[in-house]
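The file entry-v2.pdb comes next; it holds PDB, C-alpha atoms, pLDDT in the B column.
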```pdb
ATOM      1  CA  MET J   1      25.321   8.601 -35.139  1.00 33.00           C
ATOM      2  CA  THR J   2      25.576   8.185 -38.870  1.00 36.00           C
ATOM      3  CA  ARG J   3      23.603   9.622 -41.730  1.00 40.00           C
ATOM      4  CA  LEU J   4      21.552   7.079 -43.642  1.00 43.00           C
ATOM      5  CA  ILE J   5      20.846   7.606 -47.319  1.00 44.00           C
ATOM      6  CA  ARG J   6      18.189   5.737 -49.281  1.00 53.00           C
ATOM      7  CA  LYS J   7      17.122   8.440 -51.668  1.00 62.00           C
ATOM      8  CA  LYS J   8      14.109   6.695 -53.161  1.00 74.00           C
ATOM      9  CA  HIS J   9      12.403   6.535 -49.748  1.00 82.00           C
ATOM     10  CA  PHE J  10      13.523   9.856 -48.262  1.00 81.00           C
ATOM     11  CA  LEU J  11      11.952  13.219 -49.038  1.00 81.00           C
ATOM     12  CA  GLY J  12      12.529  16.730 -47.713  1.00 84.00           C
ATOM     13  CA  SER J  13      15.706  18.635 -46.984  1.00 84.00           C
ATOM     14  CA  GLY J  14      16.321  17.155 -43.532  1.00 85.00           C
ATOM     15  CA  ARG J  15      18.534  14.328 -42.340  1.00 85.00           C
ATOM     16  CA  LEU J  16      18.089  11.051 -40.522  1.00 82.00           C
ATOM     17  CA  TYR J  17      20.653  10.163 -37.867  1.00 81.00           C
ATOM     18  CA  SER J  18      20.737   6.658 -36.441  1.00 80.00           C
ATOM     19  CA  ASP J  19      23.018   4.112 -34.840  1.00 76.00           C
ATOM     20  CA  SER J  20      24.281   1.273 -37.020  1.00 74.00           C
ATOM     21  CA  ASN J  21      21.987  -1.325 -35.410  1.00 76.00           C
ATOM     22  CA  CYS J  22      18.682   0.347 -36.353  1.00 83.00           C
ATOM     23  CA  ARG J  23      16.529  -1.415 -38.899  1.00 86.00           C
ATOM     24  CA  LEU J  24      14.440   0.358 -41.487  1.00 87.00           C
ATOM     25  CA  ILE J  25      12.056  -1.889 -43.389  1.00 89.00           C
ATOM     26  CA  LEU J  26      10.649   0.237 -46.192  1.00 90.00           C
ATOM     27  CA  ALA J  27       8.158  -1.167 -48.690  1.00 90.00           C
ATOM     28  CA  LYS J  28       7.598   0.004 -52.230  1.00 86.00           C
ATOM     29  CA  ASN J  29       6.134   3.531 -52.432  1.00 90.00           C
ATOM     30  CA  SER J  30       6.680   4.168 -48.722  1.00 92.00           C
ATOM     31  CA  ASN J  31       8.600   7.235 -47.606  1.00 92.00           C
ATOM     32  CA  ILE J  32       9.976   9.262 -44.763  1.00 93.00           C
ATOM     33  CA  TYR J  33       9.700  13.036 -45.134  1.00 93.00           C
ATOM     34  CA  ILE J  34      12.149  14.906 -42.910  1.00 92.00           C
ATOM     35  CA  GLN J  35      11.937  18.691 -42.827  1.00 90.00           C
ATOM     36  CA  SER J  36      14.802  19.212 -40.367  1.00 90.00           C
ATOM     37  CA  LYS J  37      16.324  16.326 -38.401  1.00 88.00           C
ATOM     38  CA  LEU J  38      15.247  12.940 -37.066  1.00 88.00           C
ATOM     39  CA  LYS J  39      17.437  11.283 -34.438  1.00 85.00           C
ATOM     40  CA  LEU J  40      16.508   7.617 -34.333  1.00 82.00           C
ATOM     41  CA  SER J  41      17.833   5.560 -31.396  1.00 78.00           C
ATOM     42  CA  ALA J  42      18.893   8.796 -29.725  1.00 69.00           C
ATOM     43  CA  ASN J  43      20.834   8.379 -26.450  1.00 70.00           C
ATOM     44  CA  SER J  44      21.745   4.819 -27.439  1.00 64.00           C
ATOM     45  CA  MET J  45      24.805   3.168 -25.983  1.00 62.00           C
ATOM     46  CA  CYS J  46      26.777   1.178 -28.573  1.00 60.00           C
ATOM     47  CA  LEU J  47      25.947  -2.517 -28.702  1.00 60.00           C
ATOM     48  CA  ASN J  48      23.290  -2.278 -25.990  1.00 63.00           C
ATOM     49  CA  GLY J  49      20.987  -4.618 -27.914  1.00 65.00           C
ATOM     50  CA  ARG J  50      18.133  -2.090 -27.867  1.00 73.00           C
ATOM     51  CA  SER J  51      18.182  -0.662 -31.355  1.00 80.00           C
ATOM     52  CA  SER J  52      15.096   0.656 -33.096  1.00 87.00           C
ATOM     53  CA  ILE J  53      12.959  -0.884 -35.825  1.00 90.00           C
ATOM     54  CA  ILE J  54      10.780   1.137 -38.175  1.00 92.00           C
ATOM     55  CA  ARG J  55       8.610  -0.674 -40.709  1.00 94.00           C
ATOM     56  CA  ILE J  56       6.622   1.256 -43.300  1.00 95.00           C
ATOM     57  CA  ASP J  57       4.313  -0.774 -45.516  1.00 95.00           C
ATOM     58  CA  GLN J  58       3.378   0.063 -49.105  1.00 95.00           C
ATOM     59  CA  GLY J  59       2.179   3.645 -49.484  1.00 95.00           C
ATOM     60  CA  GLY J  60       2.817   4.429 -45.815  1.00 96.00           C
ATOM     61  CA  LYS J  61       4.436   7.683 -44.703  1.00 96.00           C
ATOM     62  CA  ILE J  62       6.275   9.140 -41.773  1.00 96.00           C
ATOM     63  CA  LYS J  63       6.468  12.948 -41.713  1.00 95.00           C
ATOM     64  CA  ILE J  64       8.957  14.654 -39.399  1.00 94.00           C
ATOM     65  CA  MET J  65       7.900  18.296 -39.447  1.00 92.00           C
ATOM     66  CA  ASP J  66      10.822  19.689 -37.422  1.00 92.00           C
ATOM     67  CA  GLU J  67      13.636  18.303 -35.294  1.00 91.00           C
ATOM     68  CA  ALA J  68      12.461  15.132 -33.529  1.00 92.00           C
ATOM     69  CA  SER J  69      14.143  12.460 -31.423  1.00 91.00           C
ATOM     70  CA  ILE J  70      12.996   8.892 -30.956  1.00 91.00           C
ATOM     71  CA  PHE J  71      15.114   7.150 -28.332  1.00 89.00           C
ATOM     72  CA  TYR J  72      16.473   3.592 -28.514  1.00 87.00           C
ATOM     73  CA  GLY J  73      14.211   0.554 -28.529  1.00 89.00           C
ATOM     74  CA  ALA J  74      11.516   2.080 -30.750  1.00 91.00           C
ATOM     75  CA  ASP J  75       9.179  -0.404 -32.439  1.00 94.00           C
ATOM     76  CA  ILE J  76       7.146   1.514 -35.031  1.00 96.00           C
ATOM     77  CA  ILE J  77       4.913   0.116 -37.765  1.00 97.00           C
ATOM     78  CA  VAL J  78       3.131   2.320 -40.298  1.00 97.00           C
ATOM     79  CA  PHE J  79       0.711   0.093 -42.187  1.00 96.00           C
ATOM     80  CA  LYS J  80      -0.376   0.323 -45.827  1.00 96.00           C
ATOM     81  CA  ASN J  81      -1.319   3.891 -46.873  1.00 96.00           C
ATOM     82  CA  ALA J  82      -1.181   5.159 -43.258  1.00 97.00           C
ATOM     83  CA  GLU J  83       0.588   8.314 -42.038  1.00 98.00           C
ATOM     84  CA  LEU J  84       2.519   9.037 -38.840  1.00 97.00           C
ATOM     85  CA  GLN J  85       3.377  12.710 -38.325  1.00 97.00           C
ATOM     86  CA  ILE J  86       5.705  13.985 -35.579  1.00 97.00           C
ATOM     87  CA  GLY J  87       6.457  17.620 -34.785  1.00 95.00           C
ATOM     88  CA  LYS J  88       9.363  19.068 -32.803  1.00 95.00           C
ATOM     89  CA  SER J  89       9.141  16.567 -29.938  1.00 95.00           C
ATOM     90  CA  PHE J  90      10.947  13.694 -28.284  1.00 92.00           C
ATOM     91  CA  ILE J  91       9.790  10.175 -27.554  1.00 94.00           C
ATOM     92  CA  ASN J  92      11.762   8.326 -24.897  1.00 93.00           C
ATOM     93  CA  SER J  93      12.975   4.696 -25.033  1.00 90.00           C
ATOM     94  CA  ASP J  94      10.963   1.612 -25.946  1.00 92.00           C
ATOM     95  CA  CYS J  95       7.979   3.271 -27.612  1.00 94.00           C
ATOM     96  CA  LYS J  96       5.560   1.146 -29.610  1.00 97.00           C
ATOM     97  CA  ILE J  97       3.511   2.853 -32.298  1.00 97.00           C
ATOM     98  CA  ARG J  98       1.027   1.043 -34.559  1.00 97.00           C
ATOM     99  CA  CYS J  99      -0.344   3.378 -37.209  1.00 97.00           C
ATOM    100  CA  HIS J 100      -3.128   1.854 -39.330  1.00 96.00           C
ATOM    101  CA  ARG J 101      -4.523   5.173 -40.641  1.00 97.00           C
ATOM    102  CA  SER J 102      -3.302   8.368 -38.957  1.00 98.00           C
ATOM    103  CA  ILE J 103      -1.351   9.347 -35.845  1.00 98.00           C
ATOM    104  CA  THR J 104      -0.215  12.928 -35.255  1.00 98.00           C
ATOM    105  CA  ILE J 105       2.127  14.095 -32.490  1.00 98.00           C
ATOM    106  CA  GLY J 106       2.447  17.872 -32.167  1.00 97.00           C
ATOM    107  CA  ASP J 107       5.334  20.193 -31.264  1.00 97.00           C
ATOM    108  CA  GLY J 108       6.960  20.429 -27.846  1.00 96.00           C
ATOM    109  CA  CYS J 109       5.736  17.055 -26.595  1.00 97.00           C
ATOM    110  CA  ALA J 110       7.676  15.268 -23.842  1.00 96.00           C
ATOM    111  CA  ILE J 111       6.890  11.574 -24.040  1.00 96.00           C
ATOM    112  CA  SER J 112       8.331   9.161 -21.482  1.00 96.00           C
ATOM    113  CA  HIS J 113       9.451   5.547 -21.979  1.00 94.00           C
ATOM    114  CA  ASP J 114       7.287   2.518 -22.757  1.00 96.00           C
ATOM    115  CA  LEU J 115       4.621   4.520 -24.591  1.00 96.00           C
ATOM    116  CA  THR J 116       2.113   2.609 -26.741  1.00 97.00           C
ATOM    117  CA  ILE J 117      -0.043   4.355 -29.352  1.00 98.00           C
ATOM    118  CA  MET J 118      -2.528   2.424 -31.509  1.00 97.00           C
ATOM    119  CA  ASP J 119      -5.061   3.962 -33.871  1.00 97.00           C
ATOM    120  CA  SER J 120      -6.840   0.622 -34.404  1.00 95.00           C
ATOM    121  CA  ASP J 121      -7.952  -2.437 -32.473  1.00 89.00           C
ATOM    122  CA  ALA J 122      -6.044  -4.296 -35.240  1.00 82.00           C
ATOM    123  CA  HIS J 123      -8.338  -7.340 -35.230  1.00 80.00           C
ATOM    124  CA  TYR J 124     -11.936  -7.379 -36.405  1.00 73.00           C
ATOM    125  CA  LEU J 125     -14.797  -7.787 -33.943  1.00 76.00           C
ATOM    126  CA  ASN J 126     -18.271  -7.985 -35.477  1.00 79.00           C
ATOM    127  CA  GLY J 127     -16.806  -6.829 -38.798  1.00 76.00           C
ATOM    128  CA  ASP J 128     -15.058  -3.677 -37.476  1.00 77.00           C
ATOM    129  CA  ASN J 129     -11.470  -3.114 -36.343  1.00 76.00           C
ATOM    130  CA  HIS J 130     -12.347   0.322 -34.923  1.00 87.00           C
ATOM    131  CA  THR J 131      -9.663   2.301 -36.724  1.00 93.00           C
ATOM    132  CA  ALA J 132      -9.762   6.046 -35.977  1.00 96.00           C
ATOM    133  CA  PRO J 133      -7.067   8.760 -35.999  1.00 97.00           C
ATOM    134  CA  VAL J 134      -5.072   9.673 -32.888  1.00 98.00           C
ATOM    135  CA  VAL J 135      -4.105  13.334 -32.439  1.00 98.00           C
ATOM    136  CA  ILE J 136      -1.722  14.511 -29.711  1.00 98.00           C
ATOM    137  CA  GLY J 137      -1.667  18.309 -29.522  1.00 98.00           C
ATOM    138  CA  ASP J 138       1.294  20.606 -28.917  1.00 97.00           C
ATOM    139  CA  HIS J 139       3.176  20.693 -25.594  1.00 97.00           C
ATOM    140  CA  VAL J 140       1.716  17.479 -24.182  1.00 98.00           C
ATOM    141  CA  TRP J 141       3.522  15.636 -21.377  1.00 98.00           C
ATOM    142  CA  ILE J 142       2.963  11.877 -21.376  1.00 98.00           C
ATOM    143  CA  GLY J 143       4.274   9.793 -18.456  1.00 97.00           C
ATOM    144  CA  SER J 144       5.866   6.357 -18.634  1.00 97.00           C
ATOM    145  CA  ARG J 145       3.907   3.265 -19.668  1.00 98.00           C
ATOM    146  CA  VAL J 146       0.939   5.204 -21.033  1.00 98.00           C
ATOM    147  CA  MET J 147      -1.286   3.549 -23.636  1.00 98.00           C
ATOM    148  CA  ILE J 148      -3.201   5.751 -26.089  1.00 98.00           C
ATOM    149  CA  LEU J 149      -5.942   4.010 -28.056  1.00 97.00           C
ATOM    150  CA  ASN J 150      -7.776   4.695 -31.320  1.00 96.00           C
ATOM    151  CA  GLY J 151      -9.931   7.743 -31.901  1.00 97.00           C
ATOM    152  CA  VAL J 152      -8.386   9.860 -29.131  1.00 98.00           C
ATOM    153  CA  THR J 153      -7.525  13.559 -29.313  1.00 98.00           C
ATOM    154  CA  ILE J 154      -5.305  14.970 -26.559  1.00 98.00           C
ATOM    155  CA  GLY J 155      -5.546  18.739 -26.184  1.00 98.00           C
ATOM    156  CA  GLU J 156      -2.659  21.188 -26.062  1.00 98.00           C
ATOM    157  CA  GLY J 157      -0.735  21.375 -22.784  1.00 97.00           C
ATOM    158  CA  ALA J 158      -2.331  18.243 -21.313  1.00 98.00           C
ATOM    159  CA  VAL J 159      -0.516  15.964 -18.864  1.00 98.00           C
ATOM    160  CA  ILE J 160      -1.113  12.203 -18.881  1.00 98.00           C
ATOM    161  CA  ALA J 161       0.023  10.455 -15.672  1.00 98.00           C
ATOM    162  CA  ALA J 162       2.215   7.343 -15.772  1.00 98.00           C
ATOM    163  CA  GLY J 163       0.420   4.051 -16.370  1.00 97.00           C
ATOM    164  CA  SER J 164      -2.750   5.647 -17.753  1.00 98.00           C
ATOM    165  CA  VAL J 165      -4.847   4.111 -20.519  1.00 98.00           C
ATOM    166  CA  VAL J 166      -6.339   6.869 -22.676  1.00 98.00           C
ATOM    167  CA  THR J 167      -9.593   5.747 -24.304  1.00 97.00           C
ATOM    168  CA  LYS J 168     -11.392   9.110 -24.675  1.00 97.00           C
ATOM    169  CA  ASP J 169     -10.493  12.674 -25.641  1.00 97.00           C
ATOM    170  CA  ILE J 170      -8.470  14.694 -23.124  1.00 97.00           C
ATOM    171  CA  PRO J 171      -9.150  18.442 -22.894  1.00 97.00           C
ATOM    172  CA  ALA J 172      -6.383  21.022 -23.224  1.00 98.00           C
ATOM    173  CA  TYR J 173      -4.415  21.887 -20.049  1.00 98.00           C
ATOM    174  CA  ALA J 174      -5.866  19.004 -18.036  1.00 98.00           C
ATOM    175  CA  VAL J 175      -4.115  16.366 -15.922  1.00 98.00           C
ATOM    176  CA  THR J 176      -5.473  12.873 -16.441  1.00 98.00           C
ATOM    177  CA  ALA J 177      -4.726   9.599 -14.687  1.00 98.00           C
ATOM    178  CA  GLY J 178      -6.048   6.086 -14.333  1.00 97.00           C
ATOM    179  CA  VAL J 179      -7.372   3.103 -16.211  1.00 96.00           C
ATOM    180  CA  PRO J 180      -9.259   4.357 -18.077  1.00 97.00           C
ATOM    181  CA  ALA J 181      -7.760   7.847 -17.824  1.00 97.00           C
ATOM    182  CA  ARG J 182      -9.999  10.572 -16.410  1.00 97.00           C
ATOM    183  CA  VAL J 183      -9.454  14.263 -15.702  1.00 97.00           C
ATOM    184  CA  ILE J 184      -8.195  14.891 -12.154  1.00 97.00           C
ATOM    185  CA  GLU J 185      -7.167  18.546 -12.515  1.00 96.00           C
ATOM    186  CA  GLU J 186      -7.850  21.340 -14.997  1.00 95.00           C
ATOM    187  CA  HIS J 187      -6.153  24.572 -16.064  1.00 95.00           C
ATOM    188  CA  VAL J 188      -2.584  23.364 -15.474  1.00 94.00           C
ATOM    189  CA  GLU J 189       0.661  24.564 -17.004  1.00 92.00           C
ATOM    190  CA  TRP J 190       3.839  22.509 -17.124  1.00 90.00           C
ATOM    191  CA  SER J 191       7.405  23.252 -18.203  1.00 86.00           C
ATOM    192  CA  GLU J 192      10.476  21.183 -18.946  1.00 76.00           C
TER
END
```
Could you spell out this file's structure in C-alpha coordinates?
Amino acid sequence: MTRLIRKKHFLGSGRLYSDSNCRLILAKNSNIYIQSKLKLSANSMCLNGRSSIIRIDQGGKIKIMDEASIFYGADIIVFKNAELQIGKSFINSDCKIRCHRSITIGDGCAISHDLTIMDSDAHYLNGDNHTAPVVIGDHVWIGSRVMILNGVTIGEGAVIAAGSVVTKDIPAYAVTAGVPARVIEEHVEWSE
(Lines of atoms letter the chains of each structure in order from A and count residues from 1; the text may use other names and numbers.)
(Lines give C-alpha, C1' and ligand atoms only; values in the text may rest on other atoms or scores of the structure.)
Protein backbone atom coordinates (compact mmCIF):
# COMPACT_ATOMS: atom_id res chain seq x y z
CA MET A 1 0.00 0.00 0.00
CA THR A 2 1.23 3.46 -0.81
CA ARG A 3 0.13 6.88 0.32
CA LEU A 4 -1.41 9.00 -2.41
CA ILE A 5 -1.10 12.77 -2.27
CA ARG A 6 -3.19 15.17 -4.33
CA LYS A 7 -3.50 18.02 -1.90
CA LYS A 8 -6.06 20.08 -3.79
CA HIS A 9 -8.62 17.25 -3.59
CA PHE A 10 -7.84 15.86 -0.13
CA LEU A 11 -9.05 17.36 3.14
CA GLY A 12 -8.74 16.30 6.77
CA SER A 13 -5.82 14.94 8.74
CA GLY A 14 -6.19 11.32 7.63
CA ARG A 15 -4.46 9.30 4.94
CA LEU A 16 -5.46 7.34 1.87
CA TYR A 17 -3.73 4.02 1.27
CA SER A 18 -4.13 2.28 -2.07
CA ASP A 19 -2.43 -0.12 -4.43
CA SER A 20 -0.71 1.34 -7.49
CA ASN A 21 -3.42 0.15 -9.90
CA CYS A 22 -6.31 2.11 -8.33
CA ARG A 23 -7.76 4.94 -10.35
CA LEU A 24 -9.03 8.16 -8.86
CA ILE A 25 -10.89 10.39 -11.29
CA LEU A 26 -11.43 13.67 -9.47
CA ALA A 27 -13.21 16.59 -11.13
CA LYS A 28 -12.77 20.25 -10.34
CA ASN A 29 -14.03 21.19 -6.85
CA SER A 30 -14.47 17.56 -5.83
CA ASN A 31 -12.83 16.28 -2.66
CA ILE A 32 -12.20 13.40 -0.35
CA TYR A 33 -12.26 14.21 3.37
CA ILE A 34 -10.44 11.61 5.46
CA GLN A 35 -10.56 11.97 9.23
CA SER A 36 -8.44 8.90 10.01
CA LYS A 37 -7.58 6.32 7.34
CA LEU A 38 -9.07 4.98 4.12
CA LYS A 39 -7.71 1.71 2.75
CA LEU A 40 -8.73 1.49 -0.89
CA SER A 41 -8.30 -1.89 -2.63
CA ALA A 42 -7.63 -3.45 0.77
CA ASN A 43 -6.64 -7.15 0.70
CA SER A 44 -5.60 -6.80 -2.95
CA MET A 45 -3.09 -9.18 -4.44
CA CYS A 46 -0.56 -7.43 -6.69
CA LEU A 47 -1.43 -7.46 -10.38
CA ASN A 48 -4.71 -9.32 -9.85
CA GLY A 49 -6.48 -7.10 -12.38
CA ARG A 50 -9.17 -6.13 -9.86
CA SER A 51 -8.15 -2.65 -8.81
CA SER A 52 -10.62 -0.02 -7.68
CA ILE A 53 -12.00 3.01 -9.50
CA ILE A 54 -13.42 6.05 -7.73
CA ARG A 55 -14.88 8.87 -9.80
CA ILE A 56 -16.05 12.08 -8.15
CA ASP A 57 -17.75 14.62 -10.40
CA GLN A 58 -17.67 18.39 -9.95
CA GLY A 59 -18.62 19.44 -6.43
CA GLY A 60 -18.96 15.83 -5.26
CA LYS A 61 -17.60 14.66 -1.91
CA ILE A 62 -16.57 11.51 -0.15
CA LYS A 63 -16.29 11.79 3.64
CA ILE A 64 -14.46 9.08 5.58
CA MET A 65 -15.36 9.77 9.20
CA ASP A 66 -13.04 7.19 10.79
CA GLU A 67 -10.94 4.26 9.64
CA ALA A 68 -12.63 2.56 6.67
CA SER A 69 -11.65 -0.18 4.24
CA ILE A 70 -12.98 -0.68 0.74
CA PHE A 71 -11.69 -3.94 -0.72
CA TYR A 72 -10.43 -4.49 -4.28
CA GLY A 73 -12.70 -4.17 -7.30
CA ALA A 74 -14.66 -1.17 -6.02
CA ASP A 75 -16.53 0.82 -8.66
CA ILE A 76 -17.74 4.05 -7.03
CA ILE A 77 -19.21 7.12 -8.70
CA VAL A 78 -20.19 10.25 -6.78
CA PHE A 79 -22.08 12.48 -9.19
CA LYS A 80 -22.15 16.28 -9.34
CA ASN A 81 -22.68 17.90 -5.90
CA ALA A 82 -23.47 14.53 -4.26
CA GLU A 83 -22.00 13.21 -1.00
CA LEU A 84 -20.97 9.70 0.06
CA GLN A 85 -20.18 9.35 3.76
CA ILE A 86 -18.63 6.22 5.32
CA GLY A 87 -18.01 5.63 9.02
CA LYS A 88 -15.70 3.10 10.66
CA SER A 89 -16.74 0.16 8.48
CA PHE A 90 -15.53 -2.20 5.79
CA ILE A 91 -16.94 -2.95 2.37
CA ASN A 92 -15.80 -6.21 0.81
CA SER A 93 -14.70 -6.77 -2.81
CA ASP A 94 -16.48 -5.67 -5.97
CA CYS A 95 -18.87 -3.11 -4.50
CA LYS A 96 -20.73 -0.76 -6.82
CA ILE A 97 -21.93 2.54 -5.40
CA ARG A 98 -23.78 5.18 -7.44
CA CYS A 99 -24.33 8.33 -5.40
CA HIS A 100 -26.49 10.95 -7.14
CA ARG A 101 -27.39 12.92 -3.97
CA SER A 102 -26.57 11.30 -0.62
CA ILE A 103 -25.49 7.89 0.68
CA THR A 104 -24.45 7.39 4.30
CA ILE A 105 -22.89 4.23 5.76
CA GLY A 106 -22.56 4.22 9.55
CA ASP A 107 -19.96 2.81 11.95
CA GLY A 108 -19.29 -0.87 12.54
CA CYS A 109 -20.90 -2.08 9.32
CA ALA A 110 -19.82 -5.42 7.83
CA ILE A 111 -20.63 -5.40 4.13
CA SER A 112 -19.99 -8.48 2.00
CA HIS A 113 -18.88 -8.67 -1.64
CA ASP A 114 -20.85 -7.65 -4.74
CA LEU A 115 -22.87 -4.98 -2.94
CA THR A 116 -24.77 -2.44 -5.06
CA ILE A 117 -26.10 0.82 -3.60
CA MET A 118 -27.98 3.35 -5.74
CA ASP A 119 -29.74 6.45 -4.46
CA SER A 120 -31.41 7.10 -7.84
CA ASP A 121 -33.08 5.24 -10.68
CA ALA A 122 -30.56 7.19 -12.82
CA HIS A 123 -32.86 7.49 -15.84
CA TYR A 124 -36.02 9.57 -16.00
CA LEU A 125 -39.44 7.94 -16.15
CA ASN A 126 -42.39 10.32 -16.50
CA GLY A 127 -40.06 13.22 -15.71
CA ASP A 128 -38.63 11.81 -12.43
CA ASN A 129 -35.46 9.82 -11.76
CA HIS A 130 -36.59 9.04 -8.19
CA THR A 131 -33.46 10.25 -6.41
CA ALA A 132 -33.65 9.94 -2.61
CA PRO A 133 -30.97 9.51 0.09
CA VAL A 134 -29.85 6.09 1.32
CA VAL A 135 -28.93 5.77 5.01
CA ILE A 136 -27.33 2.64 6.46
CA GLY A 137 -27.22 2.83 10.26
CA ASP A 138 -24.46 1.69 12.61
CA HIS A 139 -23.53 -1.99 13.04
CA VAL A 140 -25.40 -3.28 10.00
CA TRP A 141 -24.46 -6.64 8.46
CA ILE A 142 -25.11 -6.87 4.72
CA GLY A 143 -24.69 -10.23 2.95
CA SER A 144 -23.20 -10.83 -0.48
CA ARG A 145 -24.90 -9.63 -3.67
CA VAL A 146 -27.34 -7.33 -1.88
CA MET A 147 -28.84 -4.41 -3.80
CA ILE A 148 -29.97 -1.32 -1.87
CA LEU A 149 -32.14 1.12 -3.80
CA ASN A 150 -33.02 4.81 -3.46
CA GLY A 151 -34.85 6.25 -0.49
CA VAL A 152 -34.04 3.40 1.90
CA THR A 153 -33.05 3.72 5.56
CA ILE A 154 -31.61 0.63 7.25
CA GLY A 155 -31.83 0.71 11.04
CA GLU A 156 -29.01 0.07 13.49
CA GLY A 157 -28.03 -3.57 14.02
CA ALA A 158 -30.05 -4.86 11.06
CA VAL A 159 -29.01 -7.93 9.05
CA ILE A 160 -29.69 -8.13 5.31
CA ALA A 161 -29.50 -11.69 3.91
CA ALA A 162 -27.45 -12.50 0.80
CA GLY A 163 -29.12 -11.78 -2.53
CA SER A 164 -31.76 -9.44 -1.09
CA VAL A 165 -33.09 -6.38 -2.91
CA VAL A 166 -33.87 -3.64 -0.39
CA THR A 167 -36.61 -1.32 -1.68
CA LYS A 168 -38.14 -0.14 1.63
CA ASP A 169 -36.92 0.90 5.07
CA ILE A 170 -35.58 -1.85 7.34
CA PRO A 171 -36.19 -1.50 11.09
CA ALA A 172 -33.36 -1.67 13.62
CA TYR A 173 -32.29 -5.15 14.82
CA ALA A 174 -34.30 -6.98 12.16
CA VAL A 175 -33.25 -9.74 9.76
CA THR A 176 -34.52 -9.24 6.23
CA ALA A 177 -34.37 -11.45 3.16
CA GLY A 178 -35.83 -11.79 -0.29
CA VAL A 179 -36.70 -9.94 -3.46
CA PRO A 180 -37.98 -7.52 -2.40
CA ALA A 181 -36.50 -7.81 1.09
CA ARG A 182 -38.96 -8.29 3.95
CA VAL A 183 -38.52 -8.74 7.70
CA ILE A 184 -38.23 -12.41 8.69
CA GLU A 185 -37.04 -11.97 12.29
CA GLU A 186 -36.96 -9.13 14.81
CA HIS A 187 -34.94 -8.23 17.91
CA VAL A 188 -31.70 -9.87 16.77
CA GLU A 189 -28.13 -9.15 17.80
CA TRP A 190 -25.09 -10.10 15.74
CA SER A 191 -21.35 -9.95 16.36
CA GLU A 192 -18.25 -10.27 14.23
_Contact residues around region 171-176 of chain J with all atoms listed in the file at 12 Å, ignoring same-chain residues under 2 positions, as a PyMOL selection string_ = chain J and resi 135-143+146+152-169+178-190
*asked:* Here's the selection I'm unsure about, the PyMOL selection byres ((chain J and resi 34) around 10); applied to the file above, which residues does it give, as a list in words?
replied: Phe10, Leu11, Gly12, Ser13, Gly14, Arg15, Leu16, Asn31, Ile32, Tyr33, Gln35, Ser36, Lys37, Leu38, Ile62, Lys63, Ile64, Met65, Asp66, Glu67, Ala68 and Ile86 of chain J
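With all atoms listed in the file as the atoms that count, the residue of J:Asn92, J:Asn43, J:Ser102, J:Asn126 with the shortest distance to Asp114 (chain J) is J:Asn92.
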*So what do you get for CA of Lys96 (chain J) versus CA of Arg55 (chain J), distance-wise?*
11.7 Å
*Translate the PyMOL selection byres ((chain J and resi 73) around 8), as applied to the file shown, into an explicit residue set as a count of residues only.*
12
Run the PyMOL selection byres ((chain J and resi 101) around 10) on the file and write out the hits as a PDB file with C-alpha atoms, in the coordinates of the input.
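This went into part20.pdb:
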```pdb
ATOM      1  CA  GLY J  60       2.817   4.429 -45.815  1.00 96.00           C
ATOM      2  CA  VAL J  78       3.131   2.320 -40.298  1.00 97.00           C
ATOM      3  CA  PHE J  79       0.711   0.093 -42.187  1.00 96.00           C
ATOM      4  CA  LYS J  80      -0.376   0.323 -45.827  1.00 96.00           C
ATOM      5  CA  ASN J  81      -1.319   3.891 -46.873  1.00 96.00           C
ATOM      6  CA  ALA J  82      -1.181   5.159 -43.258  1.00 97.00           C
ATOM      7  CA  GLU J  83       0.588   8.314 -42.038  1.00 98.00           C
ATOM      8  CA  LEU J  84       2.519   9.037 -38.840  1.00 97.00           C
ATOM      9  CA  ARG J  98       1.027   1.043 -34.559  1.00 97.00           C
ATOM     10  CA  CYS J  99      -0.344   3.378 -37.209  1.00 97.00           C
ATOM     11  CA  HIS J 100      -3.128   1.854 -39.330  1.00 96.00           C
ATOM     12  CA  SER J 102      -3.302   8.368 -38.957  1.00 98.00           C
ATOM     13  CA  ILE J 103      -1.351   9.347 -35.845  1.00 98.00           C
ATOM     14  CA  MET J 118      -2.528   2.424 -31.509  1.00 97.00           C
ATOM     15  CA  ASP J 119      -5.061   3.962 -33.871  1.00 97.00           C
ATOM     16  CA  SER J 120      -6.840   0.622 -34.404  1.00 95.00           C
ATOM     17  CA  THR J 131      -9.663   2.301 -36.724  1.00 93.00           C
ATOM     18  CA  ALA J 132      -9.762   6.046 -35.977  1.00 96.00           C
ATOM     19  CA  PRO J 133      -7.067   8.760 -35.999  1.00 97.00           C
ATOM     20  CA  VAL J 134      -5.072   9.673 -32.888  1.00 98.00           C
ATOM     21  CA  ASN J 150      -7.776   4.695 -31.320  1.00 96.00           C
TER      22      ASN J 150
END
```
*CA of Ser89 (chain J) to CA of Asn129 (chain J), distance in Å rounded to a single decimal*: 29.2 Å
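CA of Cys22 (chain J) to CA of Asp57 (chain J) spans 17.1 Å [interatomic distance, one decimal].
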*Pick from J:Ile25, J:Leu125, J:Ile148, J:Ile111: nearest to Ile54 (chain J), with only C-alpha atoms counted?*
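For Ile54 (chain J), the nearest of the candidates is J:Ile25.
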Taking all atoms of region 50-58 of chain J that the file lists, what box with edges along x, y and z, padded by 6 Å per side, do you get, with centre and edge lengths in Å to one decimal, as lines of an AutoDock Vina configuration file?
```
center_x = 10.8
center_y = -0.4
center_z = -38.5
size_x = 26.8
size_y = 15.3
size_z = 33.2
```
